[in-house]
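Chemist: If it helps, the file is called upload-v6.cif and holds mmCIF, C-alpha atoms:
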data_input
loop_
_atom_site.label_atom_id
_atom_site.label_comp_id
_atom_site.auth_asym_id
_atom_site.auth_seq_id
_atom_site.Cartn_x
_atom_site.Cartn_y
_atom_site.Cartn_z
CA MET A 1 -74.77 -157.49 97.44
CA ASN A 2 -74.16 -153.97 98.69
CA HIS A 3 -73.02 -153.04 95.22
CA LYS A 4 -76.29 -154.26 93.68
CA LEU A 5 -78.33 -152.47 96.30
CA LEU A 6 -76.45 -149.27 95.54
CA ILE A 7 -77.23 -149.62 91.82
CA TYR A 8 -80.94 -150.21 92.55
CA LEU A 9 -81.09 -147.20 94.83
CA SER A 10 -79.30 -145.06 92.27
CA ILE A 11 -81.77 -146.07 89.54
CA LEU A 12 -84.68 -145.41 91.88
CA LEU A 13 -83.35 -141.95 92.75
CA LEU A 14 -82.68 -141.18 89.12
CA CYS A 15 -86.25 -142.19 88.16
CA THR A 16 -87.70 -140.09 90.97
CA PHE A 17 -85.84 -136.98 89.91
CA CYS A 18 -86.41 -137.52 86.22
CA THR A 19 -90.18 -138.06 86.47
CA LYS A 20 -91.80 -134.90 85.29
CA GLU A 21 -94.50 -133.71 87.68
CA LYS A 22 -97.93 -134.21 86.09
CA GLN A 23 -99.49 -130.92 85.07
CA PRO A 24 -103.11 -130.55 86.19
CA SER A 25 -105.56 -130.38 83.31
CA LEU A 26 -107.32 -127.09 82.50
CA SER A 27 -110.55 -128.33 84.09
CA GLU A 28 -108.64 -129.32 87.24
CA GLN A 29 -107.14 -125.85 87.34
CA HIS A 30 -110.38 -123.94 86.84
CA ILE A 31 -113.37 -125.80 88.27
CA GLN A 32 -113.85 -124.62 91.85
CA ILE A 33 -116.86 -126.66 92.97
CA VAL A 34 -115.10 -129.95 93.40
CA GLY A 35 -115.96 -133.20 95.12
CA GLU A 36 -116.32 -136.95 94.67
CA GLY A 37 -118.86 -136.41 91.92
CA THR A 38 -116.81 -133.97 89.85
CA THR A 39 -115.75 -134.93 86.35
CA PHE A 40 -112.61 -133.48 84.84
CA TYR A 41 -112.22 -133.30 81.10
CA THR A 42 -109.39 -133.51 78.61
CA ASP A 43 -108.09 -130.06 77.70
CA GLU A 44 -109.57 -130.46 74.23
CA ASP A 45 -113.07 -131.24 75.56
CA TYR A 46 -112.78 -128.55 78.23
CA ASN A 47 -111.98 -125.91 75.62
CA LEU A 48 -114.83 -127.13 73.45
CA LEU A 49 -117.23 -126.95 76.41
CA LEU A 50 -116.07 -123.39 77.12
CA GLU A 51 -116.64 -122.45 73.51
CA LEU A 52 -120.09 -124.02 73.39
CA THR A 53 -121.17 -122.27 76.61
CA ASP A 54 -119.80 -118.84 75.78
CA THR A 55 -123.01 -116.82 75.56
CA SER A 56 -121.15 -113.77 74.20
CA LYS A 57 -120.61 -115.84 71.05
CA PHE A 58 -123.91 -117.60 71.46
CA ILE A 59 -125.60 -118.65 68.27
CA ALA A 60 -129.31 -118.73 69.03
CA LEU A 61 -130.87 -122.15 69.32
CA LEU A 62 -133.75 -120.75 67.31
CA ASN A 63 -133.46 -118.10 64.61
CA MET B 1 -127.16 -128.11 73.13
CA ASN B 2 -126.67 -131.35 71.18
CA ASN B 3 -122.87 -130.97 71.07
CA LEU B 4 -122.69 -129.85 74.66
CA THR B 5 -124.77 -132.75 75.92
CA ALA B 6 -122.80 -135.26 73.85
CA ILE B 7 -119.54 -134.27 75.57
CA LEU B 8 -121.05 -134.46 79.06
CA ASN B 9 -122.67 -137.82 78.27
CA LYS B 10 -119.37 -139.18 76.93
CA TYR B 11 -117.90 -138.78 80.43
CA HIS B 12 -121.12 -139.92 82.16
CA ASP B 13 -120.68 -136.57 83.86
CA ARG B 14 -123.23 -135.84 86.59
CA VAL B 15 -123.36 -132.26 85.32
CA GLY B 16 -125.11 -133.75 82.28
CA ALA B 17 -128.22 -134.84 84.21
CA PHE B 18 -130.21 -131.68 83.47
CA PRO B 19 -128.88 -130.92 79.97
CA THR B 20 -129.66 -134.49 78.89
CA LEU B 21 -133.31 -133.90 79.77
CA TYR B 22 -133.31 -130.32 78.53
CA ASN B 23 -131.80 -131.30 75.20
CA VAL B 24 -134.85 -133.46 74.47
CA VAL B 25 -137.07 -130.46 75.26
CA THR B 26 -135.10 -128.00 73.10
CA ASN B 27 -135.06 -130.40 70.14
CA VAL B 28 -138.88 -130.53 70.21
CA ALA B 29 -139.04 -126.76 70.76
CA TYR B 30 -136.79 -126.22 67.76
CA GLN B 31 -138.98 -128.36 65.49
CA THR B 32 -142.20 -126.72 66.69
CA LEU B 33 -141.07 -123.09 66.73
CA SER B 34 -139.27 -123.28 63.41
CA THR B 35 -142.61 -123.85 61.70
CA SER B 36 -144.78 -121.71 63.99
CA THR B 37 -147.10 -119.26 62.26
CA SER B 38 -148.07 -117.44 65.47
CA VAL B 39 -147.70 -113.66 65.48
CA HIS B 40 -145.82 -114.12 68.73
CA ALA B 41 -143.33 -116.62 67.22
CA PRO B 42 -140.40 -114.13 67.40
CA GLU B 43 -141.18 -113.58 71.08
CA GLY B 44 -141.39 -117.35 71.52
CA LYS B 45 -138.00 -117.85 69.93
CA ALA B 46 -136.52 -115.08 72.08
CA PHE B 47 -138.04 -116.74 75.12
CA MET B 48 -136.60 -120.20 74.31
CA ASN B 49 -133.16 -118.73 73.47
CA GLU B 50 -133.02 -116.66 76.64
CA PHE B 51 -134.29 -119.61 78.66
CA ALA B 52 -131.45 -121.81 77.38
CA LYS B 53 -128.90 -119.08 78.00
CA HIS B 54 -129.63 -119.05 81.72
CA PHE B 55 -128.37 -122.60 82.16
CA ILE B 56 -125.60 -122.32 79.57
CA ARG B 57 -124.03 -119.19 81.04
CA ASN B 58 -124.09 -120.73 84.53
CA LEU B 59 -122.41 -123.85 83.15
CA HIS B 60 -119.78 -121.57 81.60
CA SER B 61 -119.22 -119.90 84.99
CA TYR B 62 -118.96 -123.35 86.63
CA LEU B 63 -116.26 -124.39 84.15
CA LEU B 64 -114.29 -121.21 84.80
CA GLY B 65 -114.75 -121.23 88.56
CA GLU B 66 -116.67 -117.96 88.43
CA THR B 67 -119.75 -116.81 90.33
CA ILE B 68 -122.88 -118.88 89.63
CA GLU B 69 -126.48 -117.82 90.26
CA PRO B 70 -127.77 -119.36 93.53
CA ALA B 71 -130.23 -121.90 92.09
CA TRP B 72 -127.63 -123.24 89.67
CA ASN B 73 -124.93 -123.10 92.32
CA ASN B 74 -127.11 -125.53 94.29
CA TYR B 75 -127.12 -127.83 91.23
CA PHE B 76 -123.35 -127.85 90.79
CA ILE B 77 -122.74 -128.37 94.51
CA ARG B 78 -125.07 -131.38 94.42
CA VAL B 79 -123.17 -132.68 91.38
CA ALA B 80 -119.85 -132.43 93.22
CA GLU B 81 -121.04 -133.81 96.56
CA ASN B 82 -122.16 -137.06 94.92
CA ARG B 83 -124.89 -137.63 97.52
CA ASN B 84 -127.85 -137.28 95.19
CA THR B 85 -128.98 -139.47 92.32
CA ILE B 86 -128.95 -138.39 88.68
CA LEU B 87 -132.76 -138.12 88.75
CA HIS B 88 -132.52 -135.85 91.79
CA LEU B 89 -130.07 -133.64 89.86
CA ALA B 90 -132.39 -133.53 86.85
CA LEU B 91 -135.29 -132.47 89.10
CA SER B 92 -133.14 -129.83 90.81
CA GLY B 93 -132.30 -128.51 87.34
CA ILE B 94 -135.99 -128.36 86.40
CA ASN B 95 -136.67 -126.59 89.68
CA ALA B 96 -133.98 -123.99 88.97
CA HIS B 97 -135.22 -123.52 85.44
CA ILE B 98 -138.94 -123.24 86.16
CA THR B 99 -139.00 -121.70 89.63
CA TYR B 100 -136.04 -119.39 89.32
CA ASP B 101 -135.26 -118.68 85.66
CA ILE B 102 -138.68 -118.21 84.01
CA PRO B 103 -139.72 -114.93 85.71
CA PHE B 104 -136.39 -113.33 84.83
CA VAL B 105 -136.48 -114.68 81.26
CA LEU B 106 -139.93 -113.12 80.81
CA ASP B 107 -138.49 -109.86 82.09
CA ASN B 108 -135.43 -110.19 79.81
CA ILE B 109 -137.61 -110.43 76.70
CA LYS B 110 -140.11 -107.86 78.08
CA ALA B 111 -142.97 -110.29 77.53
CA GLN B 112 -146.39 -108.73 77.08
CA PRO B 113 -149.63 -110.17 78.52
CA GLU B 114 -150.74 -111.17 74.99
CA PHE B 115 -147.81 -113.60 74.88
CA GLU B 116 -149.35 -115.79 77.60
CA ALA B 117 -151.16 -118.20 75.24
CA ASP B 118 -147.93 -118.86 73.35
CA PHE B 119 -146.00 -119.14 76.60
CA VAL B 120 -148.45 -121.85 77.69
CA GLU B 121 -147.92 -123.64 74.37
CA TYR B 122 -144.13 -123.50 74.64
CA THR B 123 -144.01 -124.66 78.22
CA ASP B 124 -146.25 -127.55 77.16
CA PHE B 125 -143.14 -128.85 75.39
CA ILE B 126 -141.73 -129.60 78.79
CA ALA B 127 -144.72 -131.64 79.84
CA ALA B 128 -145.14 -133.37 76.50
CA THR B 129 -141.54 -134.54 76.27
CA TYR B 130 -141.40 -136.38 79.60
CA PRO B 131 -141.54 -139.92 78.09
CA ALA B 132 -138.69 -139.14 75.67
CA ALA B 133 -136.71 -137.36 78.40
CA SER B 134 -137.15 -140.38 80.70
CA LEU B 135 -135.88 -142.69 77.96
CA GLU B 136 -132.83 -140.51 77.34
CA LEU B 137 -131.97 -140.35 81.05
CA ASN B 138 -132.23 -144.13 81.13
CA LYS B 139 -130.05 -144.52 78.05
CA GLN B 140 -127.31 -142.13 79.19
CA TYR B 141 -127.27 -142.67 82.96
CA GLY B 142 -129.34 -145.77 83.67
CA VAL B 143 -132.09 -143.77 85.42
CA GLN B 144 -135.02 -146.15 85.94
CA ASN B 145 -137.78 -144.27 87.72
CA ALA B 146 -137.96 -140.99 85.80
CA ASP B 147 -141.22 -141.91 84.06
CA ASN B 148 -142.94 -142.63 87.38
CA VAL B 149 -141.58 -139.47 88.98
CA PHE B 150 -142.69 -137.29 86.07
CA GLN B 151 -146.15 -138.82 86.45
CA LEU B 152 -145.97 -137.95 90.16
CA PHE B 153 -145.97 -141.55 91.33
CA GLU B 154 -149.01 -143.72 91.79
CA LEU B 155 -151.48 -140.95 92.58
CA GLY B 156 -150.64 -139.28 89.29
CA LYS B 157 -151.01 -142.58 87.46
CA ALA B 158 -154.43 -143.10 89.02
CA ILE B 159 -155.51 -139.62 87.88
CA ASP B 160 -154.04 -140.26 84.44
CA ASN B 161 -156.13 -143.41 84.16
CA VAL B 162 -159.23 -141.25 84.47
CA LYS B 163 -158.11 -138.06 82.75
CA GLY B 164 -155.70 -139.45 80.18
CA ILE B 165 -151.99 -140.24 80.05
CA GLY B 166 -149.82 -137.22 80.85
CA PHE B 167 -152.63 -135.28 82.56
CA THR B 168 -150.86 -135.11 85.93
CA THR B 169 -147.55 -134.00 84.44
CA HIS B 170 -149.34 -131.26 82.48
CA LEU B 171 -151.26 -130.22 85.59
CA ALA B 172 -148.06 -129.94 87.67
CA ILE B 173 -146.34 -127.96 84.93
CA ASP B 174 -149.43 -125.76 84.58
CA ILE B 175 -149.42 -124.84 88.27
CA LEU B 176 -145.69 -124.06 88.24
CA ARG B 177 -145.71 -122.07 85.01
CA THR B 178 -148.78 -120.01 86.00
CA GLU B 179 -146.95 -118.97 89.15
CA SER B 180 -143.78 -118.17 87.17
CA TRP B 181 -145.78 -116.27 84.52
CA ASN B 182 -147.42 -114.10 87.18
CA ARG B 183 -144.03 -113.46 88.76
CA GLY B 184 -142.58 -112.56 85.38
CA MET B 185 -145.42 -110.10 84.73
CA ASN B 186 -144.79 -108.52 88.13
CA LEU B 187 -141.22 -107.88 87.02
CA VAL B 188 -142.10 -106.65 83.53
CA GLN B 189 -144.75 -104.30 84.93
CA HIS B 190 -142.40 -103.12 87.72
CA LYS B 191 -144.78 -104.23 90.46
CA LEU B 192 -141.83 -105.93 92.15
CA SER B 193 -138.11 -105.22 91.94
CA ILE B 194 -135.53 -107.76 90.77
CA GLN B 195 -134.22 -107.96 94.31
CA GLN B 196 -137.69 -108.69 95.71
CA MET B 197 -138.30 -111.30 93.01
CA ASN B 198 -134.94 -112.94 93.75
CA GLY B 199 -136.05 -113.39 97.35
CA ILE B 200 -139.46 -114.79 96.41
CA CYS B 201 -138.10 -117.20 93.80
CA TRP B 202 -135.25 -118.34 96.03
CA GLN B 203 -137.70 -119.22 98.83
CA SER B 204 -139.95 -121.21 96.47
CA PHE B 205 -136.90 -122.89 94.99
CA ARG B 206 -135.64 -123.96 98.42
CA ASP B 207 -139.06 -125.28 99.48
CA ARG B 208 -139.20 -127.43 96.36
CA GLU B 209 -135.64 -128.62 96.86
CA LYS B 210 -136.71 -129.91 100.28
CA LEU B 211 -139.53 -131.86 98.63
CA ILE B 212 -137.13 -133.35 96.06
CA GLN B 213 -134.74 -134.28 98.90
CA PHE B 214 -137.65 -135.99 100.69
CA PHE B 215 -138.31 -138.16 97.61
CA ASP B 216 -134.60 -138.91 97.36
CA ASP B 217 -134.51 -139.90 101.05
CA GLN B 218 -137.41 -142.27 100.37
CA LYS B 219 -135.22 -143.89 97.66
CA LEU B 220 -137.72 -143.01 94.94
CA LEU B 221 -135.33 -141.10 92.69
CA PHE B 222 -133.37 -143.97 91.18
#
Would you encode the structure as structure tokens?
Modeler:
Amino acid sequence: MNHKLLIYLSILLLCTFCTKEKQPSLSEQHIQIVGEGTTFYTDEDYNLLLELTDTSKFIALLN
Amino acid sequence: MNNLTAILNKYHDRVGAFPTLYNVVTNVAYQTLSTSTSVHAPEGKAFMNEFAKHFIRNLHSYLLGETIEPAWNNYFIRVAENRNTILHLALSGINAHITYDIPFVLDNIKAQPEFEADFVEYTDFIAATYPAASLELNKQYGVQNADNVFQLFELGKAIDNVKGIGFTTHLAIDILRTESWNRGMNLVQHKLSIQQMNGICWQSFRDREKLIQFFDDQKLLF
């Protein structure tokens, strides 16, 4: 019984140490006004949003 | 704006409340201004482009955690706090855009007094698109009462019954835009400094935010 418990504990410890800590997404890293109502985006969508809102590269809505 | 709004809508992101409405307006503006034969059409296009930029660059700052202009900072704080409805957010966005942005946009493009007639025409887009904007807010976020709010509730409906559908919305927009036009001219003609105008616009903006909050407290902005 003790032997089994030791195996379980060993596996549990191994899993804990091997689990890579989740990296926060880019939006989680950058957005500062945060609360219950905040939406975080995938890195791909976040980068696309940044690109679309970059007024230095802004293509006029109307030419 | 279409691509931007599509991403925000995909997440049902509260940030998308104003752009969802604004996207309807800019689509109509695009169609109308593309075929405009007015001598002031270039000024009109510059106005609409600069107008859009005000929101877009603040959204960019929000995404990067950088400094946001006060009226738009209020919007993003309301988004995060999750205490206000989507319709409240859309109205706060309109408030920021009309009360705060317009005078500075007019100054940015150095609008001349002769541009006023075209300015009135372009800002009519906002009033004319309210049914389509209400539908889009309903489709994307389930907003139910936008149409009534844009018609200023029952009193507006009663006036519309006499004066014609949309009269009240146009009247409200007309009052707001006339004030913003005059403020813009004061900036262009250097009668008031940017700092003075910031103070004036910020006060008006806050007063109107209180009114929007009152409607929200009465559970009318659903």
Chemist: Work out how far atom CA of A:Gln32 is from atom CA of B:Tyr62, in Å to one decimal.
Modeler: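 Computed distance, atom CA of B:Tyr62 to atom CA of A:Gln32, equals 7.4 Å.
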Chemist: Can you work out which residues from chain A touch chain B at a cut-off of 8 Å (counting only C-alpha atoms) and hand them back as an MDAnalysis selection string?
Modeler: chainID A and resid 27 30:39 41 45 49:50 52:55 60:63
Chemist: Report as an NGL selection string all protein, DNA and RNA residues lying within 10 Å of B:Leu21, evaluated on all atoms listed in the file, omitting residues in the same chain fewer than 4 positions from it.
Modeler: :B and (5 or 16-17 or 25-26 or 87 or 90-91 or 93-94 or 126 or 129-130 or 132-137)
Chemist: Which value, in Å to one decimal, gives the distance between atom CA of B:Ser204 and atom CA of B:Val188?
Modeler: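 Spanning atom CA of B:Ser204 to atom CA of B:Val188 is a straight-line distance of 19.6 Å.
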Chemist: Exactly which residues make up the result of the PyMOL selection byres ((chain B and resi 206) around 10) on this file, given as a list of chain:residue names?
Modeler: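 Written out, the selection comes to B:Ala71, B:Asn74, B:Ser92, B:Asn95, B:Ala96, B:Thr99, B:Cys201, B:Trp202, B:Gln203, B:Ser204, B:Phe205, B:Asp207, B:Arg208, B:Glu209, B:Lys210, B:Leu211, B:Ile212.
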Chemist: Atom CA of B:Gly142 and atom CA of B:Ile102, how far apart in Å?
Modeler: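 Separation between atom CA of B:Ile102 and atom CA of B:Gly142: 29.1 Å.
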Chemist: Go through B:Met185, B:Leu192, B:Ala41, B:Ala117 one by one, measure the shortest atom-to-atom distance of each to B:Val105 using only C-alpha atoms, and give the residue with the smallest value.
Modeler: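 Using only C-alpha atoms, B:Val105 sits closest to B:Met185.
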Chemist: How big is the axis-aligned box around the listed atoms of stretch 7-10 of chain B once 6 Å is added on each side, and where is its centre? Give both in Å to one decimal, as lines of an AutoDock Vina configuration file.
Modeler:
center_x = -121.0
center_y = -136.7
center_z = 77.3
size_x = 15.3
size_y = 16.9
size_z = 15.5
Chemist: Skip B:Gln189 itself and residues of its chain fewer than 6 positions away, then list as a ChimeraX atom specification all residues within 12 Å of it, counting all atoms listed in the file.
Modeler: /B:103,106-107,110-113,182-183
Chemist: With C-alpha atoms retained, could you export that selection as a PDB file, in the frame of the given file?
Modeler:
ATOM      1  CA  PRO B 103    -139.720-114.930  85.710  1.00  0.00           C
ATOM      2  CA  LEU B 106    -139.930-113.120  80.810  1.00  0.00           C
ATOM      3  CA  ASP B 107    -138.490-109.860  82.090  1.00  0.00           C
ATOM      4  CA  LYS B 110    -140.110-107.860  78.080  1.00  0.00           C
ATOM      5  CA  ALA B 111    -142.970-110.290  77.530  1.00  0.00           C
ATOM      6  CA  GLN B 112    -146.390-108.730  77.080  1.00  0.00           C
ATOM      7  CA  PRO B 113    -149.630-110.170  78.520  1.00  0.00           C
ATOM      8  CA  ASN B 182    -147.420-114.100  87.180  1.00  0.00           C
ATOM      9  CA  ARG B 183    -144.030-113.460  88.760  1.00  0.00           C
TER      10      ARG B 183
END
Chemist: Place N, CA, C and O atoms on stretch 36-56 of chain A and deliver the coordinates as a CSV table (one decimal), in the coordinates of the input.
Modeler:
chain,number,residue,atom,x,y,z
A,36,GLU,N,-116.3,-135.6,95.2
A,36,GLU,CA,-116.3,-137.0,94.7
A,36,GLU,C,-117.0,-137.1,93.3
A,36,GLU,O,-116.7,-137.9,92.5
A,37,GLY,N,-118.0,-136.3,93.1
A,37,GLY,CA,-118.9,-136.4,91.9
A,37,GLY,C,-118.4,-135.6,90.8
A,37,GLY,O,-119.1,-135.5,89.7
A,38,THR,N,-117.3,-134.9,90.9
A,38,THR,CA,-116.8,-134.0,89.8
A,38,THR,C,-116.1,-134.7,88.7
A,38,THR,O,-115.3,-135.7,89.0
A,39,THR,N,-116.4,-134.4,87.5
A,39,THR,CA,-115.8,-134.9,86.4
A,39,THR,C,-114.8,-133.9,85.8
A,39,THR,O,-115.1,-132.7,85.7
A,40,PHE,N,-113.6,-134.3,85.5
A,40,PHE,CA,-112.6,-133.5,84.8
A,40,PHE,C,-112.5,-134.0,83.4
A,40,PHE,O,-112.6,-135.2,83.1
A,41,TYR,N,-112.2,-133.0,82.5
A,41,TYR,CA,-112.2,-133.3,81.1
A,41,TYR,C,-110.8,-133.2,80.5
A,41,TYR,O,-109.9,-132.6,81.1
A,42,THR,N,-110.7,-133.8,79.3
A,42,THR,CA,-109.4,-133.5,78.6
A,42,THR,C,-109.4,-132.0,78.3
A,42,THR,O,-110.4,-131.4,78.2
A,43,ASP,N,-108.2,-131.5,78.0
A,43,ASP,CA,-108.1,-130.1,77.7
A,43,ASP,C,-108.9,-129.7,76.4
A,43,ASP,O,-109.5,-128.7,76.3
A,44,GLU,N,-108.9,-130.7,75.5
A,44,GLU,CA,-109.6,-130.5,74.2
A,44,GLU,C,-111.1,-130.3,74.5
A,44,GLU,O,-111.7,-129.4,74.0
A,45,ASP,N,-111.6,-131.3,75.3
A,45,ASP,CA,-113.1,-131.2,75.6
A,45,ASP,C,-113.4,-130.0,76.4
A,45,ASP,O,-114.5,-129.4,76.3
A,46,TYR,N,-112.5,-129.7,77.4
A,46,TYR,CA,-112.8,-128.6,78.2
A,46,TYR,C,-112.9,-127.3,77.4
A,46,TYR,O,-113.8,-126.5,77.6
A,47,ASN,N,-112.0,-127.1,76.5
A,47,ASN,CA,-112.0,-125.9,75.6
A,47,ASN,C,-113.2,-125.9,74.7
A,47,ASN,O,-113.8,-124.8,74.5
A,48,LEU,N,-113.6,-127.1,74.3
A,48,LEU,CA,-114.8,-127.1,73.4
A,48,LEU,C,-116.1,-126.8,74.3
A,48,LEU,O,-116.9,-126.0,73.8
A,49,LEU,N,-116.1,-127.3,75.5
A,49,LEU,CA,-117.2,-127.0,76.4
A,49,LEU,C,-117.3,-125.4,76.7
A,49,LEU,O,-118.4,-124.8,76.7
A,50,LEU,N,-116.1,-124.8,76.9
A,50,LEU,CA,-116.1,-123.4,77.1
A,50,LEU,C,-116.6,-122.6,75.9
A,50,LEU,O,-117.4,-121.7,76.1
A,51,GLU,N,-116.2,-123.1,74.7
A,51,GLU,CA,-116.6,-122.4,73.5
A,51,GLU,C,-118.1,-122.6,73.3
A,51,GLU,O,-118.8,-121.6,73.0
A,52,LEU,N,-118.7,-123.8,73.6
A,52,LEU,CA,-120.1,-124.0,73.4
A,52,LEU,C,-121.0,-123.3,74.4
A,52,LEU,O,-122.2,-123.1,74.2
A,53,THR,N,-120.4,-122.9,75.6
A,53,THR,CA,-121.2,-122.3,76.6
A,53,THR,C,-120.9,-120.8,76.7
A,53,THR,O,-121.4,-120.1,77.6
A,54,ASP,N,-120.1,-120.3,75.8
A,54,ASP,CA,-119.8,-118.8,75.8
A,54,ASP,C,-121.0,-118.1,75.2
A,54,ASP,O,-121.1,-118.0,74.0
A,55,THR,N,-121.8,-117.5,76.1
A,55,THR,CA,-123.0,-116.8,75.6
A,55,THR,C,-122.7,-115.5,74.8
A,55,THR,O,-123.6,-115.0,74.2
A,56,SER,N,-121.5,-115.0,75.0
A,56,SER,CA,-121.2,-113.8,74.2
A,56,SER,C,-121.0,-114.1,72.7
A,56,SER,O,-121.1,-113.3,71.9
